[in-house]
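Reading through the structure tokens given below for one structure.
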Amino acid sequence: ICAQNHSINFDGSNDYVRIADHSDFDFTQNYTLEAWIFPESFSWLSGIISKYHSPAADGYMLRLTDQAPYTGLGFDEVITSTGVLSINQWYHIAAVNNEGDRILYINGAEYNLSGTPLNVTANSNSLRIASDYGGRYFDGRIDEIRIWNIARQQNDIVETMNTSLSGEETGLVAYYSFNEAGGDTLFDQTGNGHNGIIMGNPDWVDGYSSSLGILGD
């Protein structure tokens with residue numbers, strides 16, 4: 001049983017992680033964004049992983065929906081129904097772009113998406129965790145962020161979602177285990193050097209524990 005020992009509790013105000021722009025993040029067609037999230041409240045379009053922070057940037061984004069009570073997920077402007085998330089519960093989210101087709105998995109299960117996907121373009125925006133355009137901040141815990149330049153398959157996602165990665169997996173561009181437990185840097189575990197700067201002084205707290213799927217160490 002794997003315990004992801006620590007996570008960051010973002011307060012929904014000015015807390016986020018900023019990762020400098022790099023050509024490694026210039027995805028437009030094939031990519032996978034993964035995160036463990038523990039929402040503590042829901043708000044309009046609050047960001048989980050986003051490369052959309054300036055007007056018409058058209059970067060990829062994984063965030064809450066724009067439909068009250070904001071308990072759904074949006075990925076590149078296609079959305080789930082509301083009510084797929086509840087507060088104070090851990091969820092594994094995997095958002096896959098496979099040649100333009102968007103697929104979203106919550107705890108390994110595929111969820112229906114509606115709408116027209118964004119025509120994503122490469123941009124010079126930083127990559128942010130827990131923030132979307134215009135300071136739309138996430139309120140809750142985030143753990144185990146994985147950024148891939150490939151469209152991962154469902155069985156691969158399920159196989160690795162409860163375990164730590166080596167950082168050397170094929171297609172893995174950036175990986176954040178959140179196990180620093182302190183400080184203001186989120187270290188990329190891949191060796192690609194995409195470290196993140198933690199902004200707003202959020203709290204380091206216990207992370208996701210696969211033994212229970214709830215808070216644990």
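Identifiers in this document derive from the order of the structure tokens: chains are assigned A, B, ..., residues are numbered from 1 separately in each chain, and ligands are numbered from 1 in order of occurrence.
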Please, which residues of region 9-214 of chain A, numbered as in this document, come out alpha helix (DSSP H) from DSSP, as a PyMOL selection string? chain A and resi 154-160
Selection: 8 Å around Phe10 (chain A), only C-alpha atoms, excl. self and same-chain fewer than 4 positions, as number ranges by chain: A: 15-16, 130, 138-142, 202-203
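With only C-alpha atoms as the atoms that count, the minimum distance from Ser7 (chain A) to the choices A:Asp24, A:Asp101, A:Asp188, A:Asp143 is reached by A:Asp143.
Closest approach to Asp58 (chain A) among A:Thr190, A:Asn149, A:Ser131, A:Ser124: A:Ser124, based on only C-alpha atoms.
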Run DSSP on the backbone of this structure and report the residues of region 1-209 of chain A it assigns to strand (DSSP E or B), as a ChimeraX atom specification. /A:3,6-11,16-19,31-39,47-50,61-64,73-75,78-79,91-98,101-106,109-111,114,127-129,131-132,136-137,139-148,172-176,185-186,196-199,203-206,208-209
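Take the candidates A:Thr121, A:Ser23, A:Ser46, A:Gln89 and check each one against Ser209 (chain A) using only C-alpha atoms; the shortest distance goes to A:Gln89.
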Can you work out which one of A:Gly108, A:Gly100, A:Gly191, A:Gly171 has the shortest atom-to-atom distance to Ala35 (chain A), counting only C-alpha atoms? A:Gly108
Could you name the residues that touch Phe27 (chain A) at 10 Å or less, counting only C-alpha atoms, but leaving out those on the same chain fewer than 5 positions away, as a tab-separated table (two decimals) with N, CA and C atoms, in the first residue's frame?
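The resulting part_1.tsv:
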chain	number	residue	atom	x	y	z
A	32	THR	N	-1.36	14.18	-21.30
A	32	THR	CA	-2.15	13.70	-20.17
A	32	THR	C	-1.79	14.53	-18.95
A	51	LYS	N	-2.38	26.13	-18.26
A	51	LYS	CA	-1.42	26.94	-19.01
A	51	LYS	C	-2.18	28.04	-19.76
A	59	GLY	N	-4.22	28.07	-23.90
A	59	GLY	CA	-3.48	26.92	-23.39
A	59	GLY	C	-4.42	25.89	-22.80
A	60	TYR	N	-3.89	24.71	-22.56
A	60	TYR	CA	-4.71	23.63	-21.98
A	60	TYR	C	-5.01	23.95	-20.52
A	97	ASN	N	-5.75	14.12	-23.76
A	97	ASN	CA	-6.01	14.58	-25.13
A	97	ASN	C	-5.33	13.58	-26.06
A	120	VAL	N	-6.25	24.02	-28.76
A	120	VAL	CA	-5.13	24.42	-27.92
A	120	VAL	C	-3.94	24.87	-28.77
A	121	THR	N	-3.34	25.97	-28.35
A	121	THR	CA	-2.12	26.45	-29.01
A	121	THR	C	-1.00	26.56	-27.99
A	122	ALA	N	0.21	26.40	-28.44
A	122	ALA	CA	1.38	26.57	-27.58
A	122	ALA	C	1.49	28.06	-27.24
A	123	ASN	N	1.89	28.36	-26.01
A	123	ASN	CA	2.02	29.76	-25.60
A	123	ASN	C	3.19	29.91	-24.64
A	148	TRP	N	2.30	14.62	-18.84
A	148	TRP	CA	2.82	13.71	-19.86
A	148	TRP	C	2.64	14.30	-21.26
A	149	ASN	N	3.57	13.99	-22.15
A	149	ASN	CA	3.43	14.42	-23.55
A	149	ASN	C	2.89	13.30	-24.44
A	150	ILE	N	2.20	12.37	-23.82
A	150	ILE	CA	1.55	11.26	-24.54
A	150	ILE	C	0.11	11.14	-24.05
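Closest approach to Ser43 (chain A) among A:Phe75, A:Tyr31, A:Trp90, A:Tyr137 is made by A:Tyr137 (distances from only C-alpha atoms).
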Among A:Ile129, A:Ile103, A:Ala68, A:Ala95, Gly47 (chain A) is approached most closely, using only C-alpha atoms, by A:Ile129
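Separating CA of Val84 (chain A) from CA of Asn179 (chain A) is a distance of 27.6 Å.
What separates CA of Asn5 (chain A) from CA of Asp206 (chain A) is a distance of 5.9 Å.
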Close residues, Val96 (chain A) itself excluded, 7 Å, only C-alpha atoms, min 2 positions apart in chain, as a list in words: Tyr31, Thr32, Leu33, Ala94, Asn98, Arg102, Ile103, Leu104, Ala151 and Arg152 of chain A
Selected residues written out with C-alpha atoms, as a PDB file, in the first residue's frame:
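Final output, saved to part06.pdb:
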ATOM      1  CA  TYR A  31      -0.936  14.926 -23.542  1.00  0.00           C
ATOM      2  CA  THR A  32      -2.154  13.699 -20.169  1.00  0.00           C
ATOM      3  CA  LEU A  33      -2.644  15.770 -17.011  1.00  0.00           C
ATOM      4  CA  ALA A  94      -6.626  12.101 -15.364  1.00  0.00           C
ATOM      5  CA  ASN A  98      -5.639  11.853 -27.753  1.00  0.00           C
ATOM      6  CA  ARG A 102     -10.690  14.578 -24.818  1.00  0.00           C
ATOM      7  CA  ILE A 103     -11.167  11.813 -22.268  1.00  0.00           C
ATOM      8  CA  LEU A 104     -11.525  12.375 -18.533  1.00  0.00           C
ATOM      9  CA  ALA A 151      -2.094  10.204 -24.441  1.00  0.00           C
ATOM     10  CA  ARG A 152      -2.102   7.643 -21.645  1.00  0.00           C
TER      11      ARG A 152
END
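For Val17 (chain A), the non-local neighbours within 6 Å, defined as residues at least 4 positions apart in the same chain or in other chains and counting only C-alpha atoms, are Arg128, Ile129, Gly196, Ile197, Ile198 and Met199 of chain A.
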Store the residues picked out above in a file with N, CA and C atoms, as an mmCIF file, in the first residue's frame.
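This is the output file part.cif:
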data_model
loop_
_atom_site.group_PDB
_atom_site.id
_atom_site.type_symbol
_atom_site.label_atom_id
_atom_site.label_comp_id
_atom_site.auth_asym_id
_atom_site.auth_seq_id
_atom_site.Cartn_x
_atom_site.Cartn_y
_atom_site.Cartn_z
ATOM 1 N N ARG A 128 0.635 26.538 -14.270
ATOM 2 C CA ARG A 128 0.277 26.746 -12.877
ATOM 3 C C ARG A 128 -0.486 25.541 -12.327
ATOM 4 N N ILE A 129 -0.233 25.258 -11.065
ATOM 5 C CA ILE A 129 -0.999 24.289 -10.293
ATOM 6 C C ILE A 129 -1.851 25.091 -9.309
ATOM 7 N N GLY A 196 8.831 23.969 -9.500
ATOM 8 C CA GLY A 196 7.797 24.978 -9.330
ATOM 9 C C GLY A 196 8.064 25.845 -8.119
ATOM 10 N N ILE A 197 7.696 27.113 -8.222
ATOM 11 C CA ILE A 197 7.803 28.038 -7.102
ATOM 12 C C ILE A 197 6.431 28.128 -6.435
ATOM 13 N N ILE A 198 6.397 27.892 -5.131
ATOM 14 C CA ILE A 198 5.142 27.905 -4.382
ATOM 15 C C ILE A 198 4.840 29.341 -3.964
ATOM 16 N N MET A 199 3.695 29.836 -4.407
ATOM 17 C CA MET A 199 3.314 31.229 -4.188
ATOM 18 C C MET A 199 2.196 31.314 -3.149
#
